[in-house]
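What follows is the content of run.csv (CSV, C-alpha atoms).
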chain,number,residue,atom,x,y,z
V,699,MET,CA,-10.2,-12.8,-17.0
V,700,LYS,CA,-7.8,-10.5,-18.9
V,701,TYR,CA,-6.3,-10.9,-22.3
V,702,GLY,CA,-3.2,-9.6,-24.1
V,703,ILE,CA,-1.3,-9.6,-27.4
V,704,CYS,CA,2.4,-9.2,-28.0
V,705,LEU,CA,3.1,-5.9,-29.8
V,706,HIS,CA,6.9,-6.1,-29.4
V,707,SER,CA,9.3,-8.0,-31.7
V,708,VAL,CA,9.7,-10.6,-29.0
V,709,ILE,CA,8.9,-10.9,-25.3
V,710,PRO,CA,10.9,-13.2,-22.9
V,711,VAL,CA,8.8,-15.5,-20.8
V,712,ARG,CA,10.3,-16.5,-17.5
V,713,ALA,CA,9.8,-19.4,-15.2
V,714,GLU,CA,9.4,-17.0,-12.2
V,715,PRO,CA,8.5,-13.3,-11.9
V,716,SER,CA,12.1,-12.1,-12.1
V,717,HIS,CA,14.4,-10.9,-14.9
V,718,LYS,CA,17.0,-13.3,-13.4
V,719,SER,CA,14.7,-16.3,-13.8
V,720,GLU,CA,15.1,-19.0,-16.4
V,721,LEU,CA,13.9,-18.2,-19.9
V,722,VAL,CA,11.3,-20.8,-20.7
V,723,THR,CA,9.9,-19.5,-24.0
V,724,GLN,CA,9.3,-16.3,-26.1
V,725,VAL,CA,6.2,-14.6,-27.3
V,726,LEU,CA,6.5,-13.2,-30.9
V,727,PHE,CA,4.7,-10.2,-32.3
V,728,GLY,CA,1.0,-10.9,-32.8
V,729,GLU,CA,0.7,-13.9,-30.5
V,730,LEU,CA,-2.2,-13.8,-28.1
V,731,TYR,CA,-2.3,-14.8,-24.4
V,732,ILE,CA,-4.5,-15.0,-21.4
V,733,ILE,CA,-3.4,-13.3,-18.1
V,734,LEU,CA,-3.8,-15.8,-15.3
V,735,GLU,CA,-2.5,-13.7,-12.4
V,736,LYS,CA,-0.4,-10.7,-11.5
V,737,GLU,CA,2.4,-10.3,-9.0
V,738,ASP,CA,4.0,-6.8,-8.5
V,739,THR,CA,5.3,-5.8,-11.9
V,740,TRP,CA,4.8,-9.2,-13.5
V,741,CYS,CA,1.9,-11.3,-14.9
V,742,ARG,CA,1.6,-15.0,-15.5
V,743,ILE,CA,0.3,-15.8,-18.9
V,744,LYS,CA,-1.0,-18.7,-20.9
V,745,LEU,CA,-0.1,-18.5,-24.6
V,746,SER,CA,-3.0,-19.2,-27.0
V,747,PHE,CA,-0.8,-20.8,-29.6
V,748,ASP,CA,0.5,-23.7,-27.5
V,749,GLY,CA,-0.9,-23.4,-24.0
V,750,TYR,CA,2.5,-22.7,-22.5
V,751,GLU,CA,2.6,-20.7,-19.2
V,752,GLY,CA,5.1,-18.3,-17.8
V,753,TRP,CA,5.8,-14.8,-16.5
V,754,ILE,CA,6.2,-11.6,-18.5
V,755,ASN,CA,6.9,-8.1,-17.3
V,756,LEU,CA,3.8,-5.9,-17.2
V,757,LEU,CA,5.7,-3.1,-19.0
V,758,GLN,CA,5.8,-5.4,-22.0
V,759,ALA,CA,2.1,-6.5,-21.8
V,760,HIS,CA,-0.6,-5.0,-24.1
V,761,LEU,CA,-4.1,-5.7,-22.8
V,762,ILE,CA,-7.1,-6.1,-25.0
V,763,ASP,CA,-10.7,-6.9,-24.1
V,764,GLU,CA,-12.4,-10.2,-24.5
V,765,ASP,CA,-14.2,-9.3,-27.7
V,766,GLU,CA,-11.0,-8.2,-29.4
V,767,TYR,CA,-9.2,-11.3,-28.2
V,768,LEU,CA,-11.8,-13.6,-29.6
V,769,ARG,CA,-11.9,-11.7,-32.9
V,770,LEU,CA,-8.2,-12.0,-33.4
V,771,ASP,CA,-8.0,-15.6,-32.0
V,772,LYS,CA,-10.7,-16.8,-34.5
V,773,SER,CA,-9.3,-14.9,-37.5
V,774,GLU,CA,-7.1,-16.2,-40.2
V,775,THR,CA,-3.5,-15.6,-39.1
V,776,ALA,CA,-0.7,-14.8,-41.5
V,777,VAL,CA,2.8,-15.7,-40.5
V,778,THR,CA,5.8,-13.6,-41.5
V,779,MET,CA,8.4,-15.3,-43.8
V,780,ASP,CA,11.2,-12.7,-43.9
V,781,LEU,CA,14.2,-13.2,-41.6
V,782,VAL,CA,13.5,-9.7,-40.4
V,783,GLN,CA,11.0,-7.2,-41.8
V,784,LEU,CA,9.7,-3.9,-40.6
V,785,LEU,CA,6.1,-3.3,-39.4
V,786,SER,CA,5.0,0.3,-39.4
V,787,PHE,CA,2.3,2.2,-37.5
V,788,GLU,CA,-0.2,3.6,-39.9
V,789,THR,CA,-0.5,6.9,-38.1
V,790,GLU,CA,3.0,7.3,-36.6
V,791,ARG,CA,6.5,7.4,-37.9
V,792,ALA,CA,7.5,4.4,-35.9
V,793,MET,CA,8.4,0.9,-36.8
V,794,ILE,CA,8.7,-2.5,-35.2
V,795,PRO,CA,11.2,-5.2,-36.5
V,796,LEU,CA,9.4,-8.5,-36.9
V,797,VAL,CA,11.4,-11.7,-36.9
V,798,LEU,CA,10.6,-14.8,-39.0
V,799,GLY,CA,7.5,-16.6,-37.7
V,800,SER,CA,5.7,-13.6,-36.2
V,801,SER,CA,1.9,-13.6,-36.3
V,802,LEU,CA,-0.4,-11.2,-38.1
V,803,PRO,CA,-3.9,-12.1,-37.0
V,804,ALA,CA,-6.8,-10.8,-39.1
V,805,PHE,CA,-4.3,-9.6,-41.7
V,806,GLU,CA,-6.0,-8.0,-44.7
V,807,GLU,CA,-4.7,-5.7,-47.5
V,808,SER,CA,-1.3,-5.3,-45.9
V,809,ARG,CA,-2.8,-4.2,-42.6
V,810,ILE,CA,-3.4,-5.5,-39.2
V,811,ARG,CA,-5.7,-3.8,-36.7
V,812,VAL,CA,-5.5,-4.4,-32.9
V,813,ALA,CA,-8.2,-2.4,-31.1
V,814,GLN,CA,-7.6,1.2,-32.1
V,815,LEU,CA,-4.1,0.6,-33.5
V,816,VAL,CA,-3.5,-0.1,-37.2
V,817,PHE,CA,-0.2,-1.5,-38.5
V,818,PHE,CA,1.1,-1.8,-42.1
V,819,TYR,CA,3.2,-4.8,-43.3
V,820,ASP,CA,4.5,-5.3,-46.8
V,821,GLY,CA,6.7,-8.3,-46.3
V,822,LEU,CA,6.4,-12.0,-47.2
V,823,ILE,CA,3.7,-14.0,-45.5
V,824,SER,CA,2.5,-17.5,-45.2
V,825,GLY,CA,-1.2,-17.8,-44.5
V,826,SER,CA,-2.6,-20.4,-42.1
V,827,ARG,CA,-3.7,-23.6,-43.7
V,828,ILE,CA,-5.5,-26.7,-42.3
V,829,HIS,CA,-4.0,-30.0,-43.0
V,830,ASP,CA,-5.8,-33.3,-42.5
V,831,LYS,CA,-6.0,-36.8,-43.9
V,832,THR,CA,-8.3,-35.7,-46.7
V,833,THR,CA,-5.6,-33.6,-48.3
V,834,GLN,CA,-4.5,-34.9,-51.6
V,835,SER,CA,-1.2,-36.8,-51.7
V,836,GLN,CA,0.4,-34.3,-54.1
V,837,SER,CA,-0.4,-31.5,-51.6
V,838,ILE,CA,1.1,-33.5,-48.8
V,839,ARG,CA,4.3,-34.0,-50.8
V,840,GLU,CA,4.5,-30.3,-51.4
V,841,ILE,CA,3.9,-29.5,-47.8
V,842,ARG,CA,6.7,-31.9,-46.8
V,843,GLN,CA,9.1,-30.2,-49.2
V,844,GLN,CA,8.1,-26.7,-47.9
V,845,LEU,CA,8.8,-27.8,-44.4
V,846,ILE,CA,12.3,-28.7,-45.3
V,847,GLU,CA,12.8,-25.5,-47.3
V,848,GLU,CA,11.5,-23.4,-44.4
V,849,ALA,CA,13.6,-25.3,-41.8
V,850,SER,CA,16.7,-24.2,-43.8
V,851,LEU,CA,15.8,-20.5,-43.1
V,852,TYR,CA,17.0,-21.2,-39.5
V,853,MET,CA,20.3,-22.8,-40.5
V,854,ASN,CA,23.1,-21.7,-38.2
V,855,ALA,CA,20.7,-20.0,-35.7
V,856,PRO,CA,22.5,-20.3,-32.3
V,857,TYR,CA,21.1,-22.5,-29.6
V,858,LEU,CA,19.2,-20.6,-26.9
V,859,TRP,CA,17.2,-22.3,-24.2
V,860,GLY,CA,13.6,-21.1,-24.5
V,861,GLY,CA,14.4,-19.3,-27.8
V,862,ARG,CA,12.0,-19.2,-30.8
V,863,THR,CA,13.8,-16.9,-33.3
V,864,PRO,CA,16.6,-17.1,-35.9
V,865,PHE,CA,18.7,-15.2,-33.4
V,866,GLY,CA,18.4,-17.8,-30.7
V,867,ILE,CA,16.3,-21.0,-30.7
V,868,ASP,CA,16.1,-24.3,-28.9
V,869,CYS,CA,15.4,-27.8,-30.4
V,870,SER,CA,11.7,-27.9,-29.7
V,871,GLY,CA,11.3,-24.2,-30.5
V,872,PHE,CA,12.9,-24.9,-33.9
V,873,VAL,CA,10.5,-27.6,-35.0
V,874,GLN,CA,7.5,-25.7,-33.5
V,875,MET,CA,8.4,-22.6,-35.6
V,876,VAL,CA,9.0,-24.6,-38.8
V,877,TYR,CA,5.5,-26.1,-38.5
V,878,LYS,CA,4.1,-22.7,-37.6
V,879,LEU,CA,5.3,-21.4,-40.9
V,880,GLN,CA,3.0,-24.0,-42.5
V,881,GLY,CA,0.1,-23.0,-40.3
V,882,MET,CA,0.3,-26.0,-38.0
V,883,LYS,CA,0.4,-26.0,-34.2
V,884,LEU,CA,2.9,-28.0,-32.2
V,885,LEU,CA,3.2,-28.0,-28.4
V,886,ARG,CA,6.3,-26.2,-27.0
V,887,ASP,CA,8.5,-28.8,-25.4
V,888,ALA,CA,10.0,-31.9,-27.1
V,889,SER,CA,8.3,-34.2,-24.5
V,890,GLN,CA,5.0,-32.6,-25.2
V,891,GLN,CA,5.5,-32.7,-29.0
V,892,ALA,CA,6.2,-36.5,-28.8
V,893,THR,CA,2.6,-37.0,-27.6
V,894,GLN,CA,1.3,-35.6,-30.9
V,895,GLY,CA,0.9,-37.2,-34.3
V,896,GLU,CA,1.2,-40.8,-35.3
V,897,VAL,CA,4.1,-43.2,-34.6
V,898,VAL,CA,6.3,-44.2,-37.5
V,899,SER,CA,7.6,-47.7,-36.6
V,900,LEU,CA,10.9,-47.7,-38.5
V,901,ILE,CA,13.2,-45.0,-39.8
V,902,ASP,CA,13.0,-46.8,-43.2
V,903,GLU,CA,9.3,-45.8,-43.3
V,904,ALA,CA,9.9,-42.2,-42.4
V,905,GLU,CA,9.1,-39.3,-44.7
V,906,PRO,CA,10.6,-35.8,-45.0
V,907,GLY,CA,9.1,-33.5,-42.4
V,908,ASP,CA,8.5,-36.3,-39.8
V,909,LEU,CA,9.8,-35.5,-36.4
V,910,ALA,CA,12.4,-37.6,-34.5
V,911,PHE,CA,12.7,-37.6,-30.7
V,912,PHE,CA,15.6,-38.6,-28.6
V,913,ASP,CA,15.9,-39.6,-24.9
V,914,ASP,CA,18.5,-39.6,-22.1
V,915,ILE,CA,19.7,-42.5,-20.1
V,916,GLU,CA,16.7,-42.3,-17.9
V,917,GLY,CA,14.3,-42.5,-20.8
V,918,ASN,CA,13.2,-38.8,-20.8
V,919,ILE,CA,12.7,-37.2,-24.1
V,920,ILE,CA,15.1,-34.3,-24.3
V,921,HIS,CA,15.6,-33.5,-28.0
V,922,ALA,CA,13.7,-33.2,-31.2
V,923,GLY,CA,14.6,-32.7,-34.9
V,924,LEU,CA,13.0,-32.6,-38.4
V,925,LEU,CA,13.9,-35.4,-40.8
V,926,ILE,CA,15.1,-34.2,-44.2
V,927,ASP,CA,15.0,-37.8,-45.5
V,928,ARG,CA,15.8,-41.3,-44.0
V,929,GLN,CA,19.5,-40.5,-43.6
V,930,ARG,CA,19.6,-36.8,-42.6
V,931,ILE,CA,18.1,-34.6,-39.9
V,932,ILE,CA,18.0,-30.9,-39.3
V,933,HIS,CA,18.0,-30.0,-35.6
V,934,CYS,CA,19.3,-27.4,-33.1
V,935,SER,CA,22.2,-28.6,-31.1
V,936,GLY,CA,24.7,-25.8,-30.5
V,937,LYS,CA,23.2,-24.3,-33.6
V,938,VAL,CA,20.7,-25.4,-36.3
V,939,GLN,CA,22.6,-27.9,-38.4
V,940,ILE,CA,22.2,-31.0,-40.5
V,941,ASN,CA,23.6,-34.3,-39.4
V,942,ASN,CA,23.3,-38.0,-40.3
V,943,ILE,CA,20.7,-40.2,-38.6
V,944,ASP,CA,20.1,-43.9,-38.5
V,945,HIS,CA,18.1,-46.3,-36.3
V,946,GLU,CA,20.5,-45.7,-33.4
V,947,GLY,CA,20.4,-41.9,-33.5
V,948,ILE,CA,22.2,-38.8,-34.7
V,949,TYR,CA,25.7,-39.2,-35.8
V,950,ASP,CA,28.0,-36.2,-35.9
V,951,ALA,CA,30.7,-36.8,-38.6
V,952,ASN,CA,32.9,-34.0,-37.2
V,953,LEU,CA,32.8,-35.5,-33.7
V,954,ARG,CA,32.9,-39.0,-35.1
V,955,LYS,CA,30.3,-40.2,-32.6
V,956,TYR,CA,26.6,-40.5,-31.9
V,957,THR,CA,25.3,-37.5,-30.0
V,958,HIS,CA,21.6,-38.3,-29.5
V,959,LYS,CA,19.9,-41.7,-29.0
V,960,LEU,CA,16.7,-42.2,-31.1
V,961,ARG,CA,13.6,-42.9,-29.1
V,962,LEU,CA,10.7,-42.6,-31.7
V,963,ILE,CA,9.6,-40.9,-34.9
V,964,LYS,CA,6.2,-39.2,-35.2
V,965,ARG,CA,4.2,-38.1,-38.2
V,966,MET,CA,2.4,-34.8,-37.8
V,967,ILE,CA,0.8,-34.6,-41.3
V,968,GLY,CA,-1.1,-37.1,-43.4
V,969,ASN,CA,0.4,-39.8,-45.6

Using structure tokens, write down the structure that the file contains.
Amino acid sequence: MKYGICLHSVIPVRAEPSHKSELVTQVLFGELYIILEKEDTWCRIKLSFDGYEGWINLLQAHLIDEDEYLRLDKSETAVTMDLVQLLSFETERAMIPLVLGSSLPAFEESRIRVAQLVFFYDGLISGSRIHDKTTQSQSIREIRQQLIEEASLYMNAPYLWGGRTPFGIDCSGFVQMVYKLQGMKLLRDASQQATQGEVVSLIDEAEPGDLAFFDDIEGNIIHAGLLIDRQRIIHCSGKVQINNIDHEGIYDANLRKYTHKLRLIKRMIGN
């Protein structure tokens, strides 16, 4: 089995081994993956962060051995908090622009080492944290507030199917990245995310940071968003925006109609 790490700002992940194929997700700098198979100039990967699979071009792959993969995968991983910030090579006059939410595994004293490469980063970071039901209630309230504040960093980001950056993002990628900034892992697609967490029975019982999921006429979950409070939601539809929400769904005041039908609400962090 072979392993890799993203050492580009962002790598597109395709449904099939072709540049013309559908974009299904993106790999951000520092995210790890397992290589499942190769086909011509492409390799099918499985992302360590969320288990998602797809194809990347071999020219954009950076292979590492199993020991290095395990070292990085088990390390504390910092997450970048600047919209865009430069990462520099320690021994070269070259730089890589990192977008919000990039990973810095084994980050220490402003440096990250990947095998023989050493990078220097002097931007804002958010270290990984573990949240569970034993966390004090005050800390949970603070986390909820931080989720809302960090969601606002993506405001007006344009919708991009498969996107995970402020320059193009989809609805499930948006909520996934907001939670990643808090050191928490969500699955990639809205239908997958809806299987996580605990059900909130009524919107009147919802808390800031809870996730709302919406379905189509066939009952398939097709959209997700982050609740700001019990009347407002921030989500990506056309762009990342704030709309009103009630027990029926999302109401767009500009369009004067409901745009998404509420299916369920899930809580991903403790009460």

If we count all atoms listed in the file and set the cut-off at 12 Å, which residues sit around Tyr857 of chain V, ignoring sequence neighbours fewer than 4 positions away in its own chain? Please answer as a VMD selection string. chain V and resid 852 to 853 861 to 872 933 to 939

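Here atom CA of Lys700 of chain V stands at a distance of 27.8 Å from atom CA of Gln891 of chain V.
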
Write out as a VMD selection string each polymer residue whose atoms come within 8 Å of Asn755 of chain V, counting all atoms listed in the file; drop sequence neighbours fewer than 2 positions from it. chain V and resid 715 739 to 741 753 757 to 759

Measure the distance from atom CA of Glu766 of chain V to atom CA of Asp820 of chain V in Å and round it to one decimal. 23.5 Å

Counting only C-alpha atoms, what is within 9 Å of segment 742-745 of chain V, bar same-chain residues fewer than 2 positions away, as number ranges by chain? V: 701-702, 711, 714-715, 725, 729-737, 740, 747-755

When you count only C-alpha atoms, which of these residues is closest to Gln874 of chain V: V:Thr723, V:Ser824, V:Gln929, V:Asn854?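 Among the listed residues, V:Thr723 lies closest to Gln874 of chain V.
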
Just checking: using only C-alpha atoms, which residue out of V:Leu960, V:Leu756, V:Ile943, V:Met779 ends up closest to Lys878 of chain V?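 For Lys878 of chain V, the nearest of the candidates is V:Met779.
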
Can you list, as a list in words, every protein, DNA or RNA residue that comes within 10 Å of Ala904 of chain V when you count only C-alpha atoms, leaving out same-chain residues fewer than 2 positions away?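 In the requested form, the answer reads Val897, Val898, Ser899, Leu900, Ile901, Asp902, Pro906, Gly907, Asp908, Leu909, Ala910, Leu925, Ile926, Asp927, Arg928, Gln929, Ile963, Lys964 and Arg965 of chain V.
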
Skipping near chain neighbours, those fewer than 5 positions away, what residues fall within 10 Å of Ala776 of chain V using only C-alpha atoms, listed as a PyMOL selection string? chain V and resi 728+799-806+810+822-827+879-881

What gap, in Å, lies between atom CA of Val722 of chain V and atom CA of Leu924 of chain V? 21.3 Å

Using all atoms listed in the file, can you tell me which of V:Asp950, V:Leu770, V:His958, V:Leu726 comes closest to Gly923 of chain V? V:His958

Name the residues within 6 Å of (21.9, -33.8, -39.0), counting all atoms listed in the file in the file's coordinates, and put them as a list in words.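 Output: Arg930, Ile931, Ile932, Gln939, Ile940, Asn941 and Asn942 of chain V.
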
Given only C-alpha atoms as the counted atoms, nearest of V:Glu946, V:Phe787, V:Ile794, V:Glu903 to Val708 of chain V: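 Closest to Val708 of chain V of all the choices is V:Ile794.
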
Nearest candidate to Ser837 of chain V (options V:Val876, V:Leu815, V:Ile967, V:Leu785; using all atoms listed in the file):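 Smallest distance to Ser837 of chain V is found for V:Ile967.
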
Produce the centre coordinates and the three edge lengths, each in Å to one decimal, of the box along x, y and z that contains all listed atoms of segment 804-819 of chain V with 5 Å added on each side, as AutoDock Vina command-line options.
--center_x -2.5 --center_y -4.8 --center_z -39.3 --size_x 21.4 --size_y 22.0 --size_z 26.4

From the set V:Phe727, V:Tyr949, V:Trp859, V:Tyr877, which residue has the shortest atom-to-atom contact distance to Val812 of chain V, counting all atoms listed in the file?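 Closest to Val812 of chain V, using all atoms listed in the file: V:Phe727.
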